[in-house]
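Student: Here you go, this is target.pdb (PDB, C-alpha atoms).
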ATOM      1  CA  MET A 160     -81.698-268.087  74.633
ATOM      2  CA  ILE A 161     -81.751-264.379  75.486
ATOM      3  CA  LEU A 162     -84.129-262.136  73.648
ATOM      4  CA  PRO A 163     -82.865-258.617  72.990
ATOM      5  CA  PHE A 164     -86.078-256.867  74.024
ATOM      6  CA  ILE A 165     -86.222-258.507  77.414
ATOM      7  CA  LYS A 166     -83.965-257.193  80.041
ATOM      8  CA  ASN A 167     -82.448-259.829  82.153
ATOM      9  CA  ARG A 168     -80.560-257.442  84.207
ATOM     10  CA  ILE A 169     -82.000-256.410  87.551
ATOM     11  CA  PRO A 170     -81.207-252.816  88.514
ATOM     12  CA  THR A 171     -79.042-252.275  91.535
ATOM     13  CA  LEU A 172     -80.166-250.508  94.629
ATOM     14  CA  GLU A 173     -78.150-247.397  93.705
ATOM     15  CA  GLU A 174     -79.760-247.210  90.252
ATOM     16  CA  ILE A 175     -83.221-247.501  91.798
ATOM     17  CA  GLU A 176     -82.377-244.716  94.283
ATOM     18  CA  GLU A 177     -81.074-242.494  91.471
ATOM     19  CA  GLN A 178     -84.217-243.063  89.398
ATOM     20  CA  ARG A 179     -86.352-242.218  92.422
ATOM     21  CA  LEU A 180     -84.320-239.058  93.056
ATOM     22  CA  ASN A 181     -84.660-237.949  89.416
ATOM     23  CA  ARG A 182     -88.425-238.456  89.556
ATOM     24  CA  SER A 183     -88.741-236.538  92.813
ATOM     25  CA  ARG A 184     -86.642-233.648  91.400
ATOM     26  CA  GLY A 185     -88.937-233.466  88.382
ATOM     27  CA  ILE A 186     -92.034-233.493  90.568
ATOM     28  CA  ARG A 187     -90.578-230.831  92.883
ATOM     29  CA  GLY A 188     -89.694-228.678  89.878
ATOM     30  CA  MET A 189     -93.217-229.040  88.517
ATOM     31  CA  ILE A 190     -94.647-228.150  91.931
ATOM     32  CA  LYS A 191     -92.456-225.019  92.082
ATOM     33  CA  VAL A 192     -93.472-223.907  88.575
ATOM     34  CA  THR A 193     -97.135-224.623  89.332
ATOM     35  CA  GLY A 194     -96.864-222.646  92.595
ATOM     36  CA  ILE A 195     -95.295-219.654  90.830
ATOM     37  CA  ILE A 196     -97.987-219.705  88.129
ATOM     38  CA  PHE A 197    -100.654-219.918  90.827
ATOM     39  CA  LEU A 198     -99.150-216.961  92.727
ATOM     40  CA  VAL A 199     -98.963-214.876  89.547
ATOM     41  CA  LEU A 200    -102.622-215.625  88.788
ATOM     42  CA  VAL A 201    -103.656-214.769  92.345
ATOM     43  CA  ALA A 202    -101.675-211.508  92.204
ATOM     44  CA  PHE A 203    -103.256-210.620  88.842
ATOM     45  CA  LEU A 204    -106.777-211.300  90.088
ATOM     46  CA  ALA A 205    -106.147-209.391  93.319
ATOM     47  CA  SER A 206    -104.786-206.390  91.437
ATOM     48  CA  MET A 207    -107.753-206.395  89.062
ATOM     49  CA  THR A 208    -110.135-206.633  91.989
ATOM     50  CA  LEU A 209    -108.435-203.807  93.881
ATOM     51  CA  LEU A 210    -107.490-201.478  91.016
ATOM     52  CA  THR A 211    -110.764-201.501  89.066
ATOM     53  CA  PRO A 212    -112.607-199.418  91.697
ATOM     54  CA  LEU A 213    -109.688-196.971  91.797
ATOM     55  CA  PHE A 214    -109.867-196.464  88.030
ATOM     56  CA  GLU A 215    -113.623-195.972  88.252
ATOM     57  CA  LEU A 216    -113.141-193.467  91.084
ATOM     58  CA  HIS A 217    -110.634-191.502  89.013
ATOM     59  CA  ALA A 218    -113.015-191.430  86.035
ATOM     60  CA  LEU A 219    -115.878-190.257  88.264
ATOM     61  CA  GLU A 220    -113.717-187.481  89.734
ATOM     62  CA  GLN A 221    -112.855-186.231  86.259
ATOM     63  CA  GLU A 222    -116.517-186.299  85.271
ATOM     64  CA  LYS A 223    -117.373-184.365  88.448
ATOM     65  CA  GLU A 224    -114.779-181.693  87.604
ATOM     66  CA  ARG A 225    -116.181-181.344  84.075
ATOM     67  CA  ALA A 226    -119.709-181.045  85.449
ATOM     68  CA  GLN A 227    -118.625-178.395  87.974
ATOM     69  CA  ALA A 228    -116.915-176.366  85.236
ATOM     70  CA  GLN A 229    -120.042-176.599  83.104
ATOM     71  CA  LEU A 230    -122.147-175.522  86.098
ATOM     72  CA  GLN A 231    -119.910-172.483  86.664
ATOM     73  CA  ARG A 232    -120.265-171.469  82.997
ATOM     74  CA  ALA A 233    -124.040-171.894  83.213
ATOM     75  CA  LYS A 234    -124.196-169.786  86.376
ATOM     76  CA  ALA A 235    -122.182-167.023  84.692
ATOM     77  CA  VAL A 236    -124.528-167.041  81.680
ATOM     78  CA  GLU A 237    -127.531-166.991  84.002
ATOM     79  CA  ALA A 238    -126.133-164.055  85.993
ATOM     80  CA  GLU A 239    -125.497-162.105  82.785
ATOM     81  CA  ALA A 240    -129.007-162.835  81.525
ATOM     82  CA  TYR A 241    -130.472-161.810  84.874
ATOM     83  CA  ASN A 242    -128.570-158.513  84.776
ATOM     84  CA  ARG A 243    -129.829-157.836  81.264
ATOM     85  CA  PHE A 244    -133.354-158.608  82.426
ATOM     86  CA  LEU A 245    -133.004-156.148  85.301
ATOM     87  CA  TRP A 246    -131.686-153.460  82.958
ATOM     88  CA  MET A 247    -134.421-154.057  80.415
ATOM     89  CA  SER A 248    -137.130-153.873  83.041
ATOM     90  CA  ASP A 249    -135.879-150.398  84.005
ATOM     91  CA  PRO A 250    -137.650-147.643  82.012
ATOM     92  CA  GLU A 251    -134.683-145.292  82.487
ATOM     93  CA  TYR A 252    -132.451-147.816  80.711
ATOM     94  CA  PHE A 253    -134.744-147.834  77.667
ATOM     95  CA  GLU A 254    -134.885-144.077  77.624
ATOM     96  CA  GLN A 255    -131.083-143.838  77.832
ATOM     97  CA  MET A 256    -130.635-146.402  75.022
ATOM     98  CA  ALA A 257    -133.100-144.553  72.793
ATOM     99  CA  ARG A 258    -131.348-141.211  73.367
ATOM    100  CA  ASP A 259    -127.934-142.793  72.710
ATOM    101  CA  ARG A 260    -129.054-144.289  69.420
ATOM    102  CA  ALA A 261    -130.749-141.096  68.300
ATOM    103  CA  ASN A 262    -127.794-138.917  69.403
ATOM    104  CA  GLN A 263    -130.076-136.754  71.460
ATOM    105  CA  ALA A 264    -129.650-135.480  74.968
ATOM    106  CA  LYS A 265    -131.804-134.099  77.715
ATOM    107  CA  SER A 266    -131.440-130.485  78.597
ATOM    108  CA  GLY A 267    -128.248-130.084  80.595
ATOM    109  CA  GLU A 268    -126.703-133.325  79.268
ATOM    110  CA  HIS A 269    -123.721-133.530  76.976
ATOM    111  CA  ILE A 270    -123.135-136.387  74.564
ATOM    112  CA  VAL A 271    -119.612-137.705  74.490
ATOM    113  CA  ARG A 272    -119.200-140.328  71.848
ATOM    114  CA  ARG A 273    -116.109-142.475  71.517
ATOM    115  CA  PRO A 274    -115.308-143.591  67.984
ATOM    116  CA  THR A 275    -115.427-147.277  67.154
ATOM    117  CA  ALA A 276    -112.337-149.159  65.978
ATOM    118  CA  GLU A 277    -113.388-148.762  62.322
ATOM    119  CA  GLU A 278    -113.907-145.028  62.726
ATOM    120  CA  LEU A 279    -110.491-144.688  64.384
ATOM    121  CA  ARG A 280    -108.846-146.471  61.441
ATOM    122  CA  GLU A 281    -110.587-144.179  58.980
ATOM    123  CA  ILE A 282    -109.478-141.078  60.909
ATOM    124  CA  GLN A 283    -105.876-142.300  61.068
ATOM    125  CA  GLU A 284    -105.906-143.101  57.354
ATOM    126  CA  LYS A 285    -107.174-139.609  56.498
ATOM    127  CA  GLU A 286    -104.416-138.061  58.612
ATOM    128  CA  ARG A 287    -101.773-140.188  56.846
ATOM    129  CA  ASN A 288    -103.149-139.154  53.455
ATOM    130  CA  LYS A 289    -102.959-135.489  54.435
ATOM    131  CA  GLN A 290     -99.353-135.879  55.567
ATOM    132  CA  ASN A 291     -98.300-137.896  52.513
ATOM    133  CA  LYS A 292     -99.841-135.482  49.968
ATOM    134  CA  PRO A 293     -97.149-133.651  48.116
ATOM    135  CA  ARG A 294     -97.321-129.961  48.764
ATOM    136  CA  SER A 295     -97.445-127.966  45.671
ATOM    137  CA  SER A 296     -95.057-125.110  45.800
ATOM    138  CA  ARG A 297     -96.368-122.164  43.952
ATOM    139  CA  ARG A 298     -93.984-119.540  42.843
ATOM    140  CA  ASP A 299     -95.642-116.406  41.788
TER     141      ASP A 299
END
I'd like the structure from this file rewritten - as structure tokens, please.

Tutor:
Amino acid sequence: MILPFIKNRIPTLEEIEEQRLNRSRGIRGMIKVTGIIFLVLVAFLASMTLLTPLFELHALEQEKERAQAQLQRAKAVEAEAYNRFLWMSDPEYFEQMARDRANQAKSGEHIVRRPTAEELREIQEKERNKQNKPRSSRRD
């Protein structure tokens, strides 16, 4: 009596070779895929290891440029403040400022005053009003 779940048939040598070949192809394929995954991981880790310092260097260079620009602005402000200090420590400067504000002059000096932008506008407006006024013609 032959039971259906028991195989009585013995595989041939060719079938055994084919099964062995199929298994070895599968293993080789898995080895290739595993190797590619490993190489990708190694490349990723190497790039992270090598590129991280470059990114940090770039960020530090930008920070250095910002700091240098800020230093230049601070030096300009300091130079302006130093010049003001020198002017204010000069008694002639104070005397000149006081005379300018009081519209007074020393003997032999002439005051030449340039009008401000507001004063210029007012003068121009007065001139326009004079030109635009209708002239009354009187007939006697």

Student: Using atom CA of Phe253 of chain A and atom CA of Glu239 of chain A as the two end points, give the distance in Å to one decimal.

Tutor: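 Computed distance, atom CA of Phe253 of chain A to atom CA of Glu239 of chain A, equals 17.8 Å.
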
Student: Hey, can you check how far atom CA of Pro274 of chain A sits from atom CA of Asp249 of chain A?

Tutor: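 So the answer is 26.9 Å.
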
Student: Would you compute the distance between atom CA of Val271 of chain A and atom CA of Ala257 of chain A? Give it in Å to one decimal.

Tutor: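 Separating atom CA of Val271 of chain A from atom CA of Ala257 of chain A is a distance of 15.2 Å.
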
Student: Around segment 215-223 of chain A, with edges along x, y and z and 8 Å added on all six sides, what centre and edge lengths do you get, in Å to one decimal, as JSON?

Tutor:
{"center_x": -114.0, "center_y": -190.2, "center_z": 88.2, "size_x": 22.7, "size_y": 27.6, "size_z": 21.8}

Student: Counting all atoms listed in the file, which residue out of A:Lys234, A:Arg272, A:Lys223, A:Arg182 sits closest to Asp259 of chain A?

Tutor: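 Ranking A:Lys234, A:Arg272, A:Lys223, A:Arg182 by distance to Asp259 of chain A, first place goes to A:Arg272.
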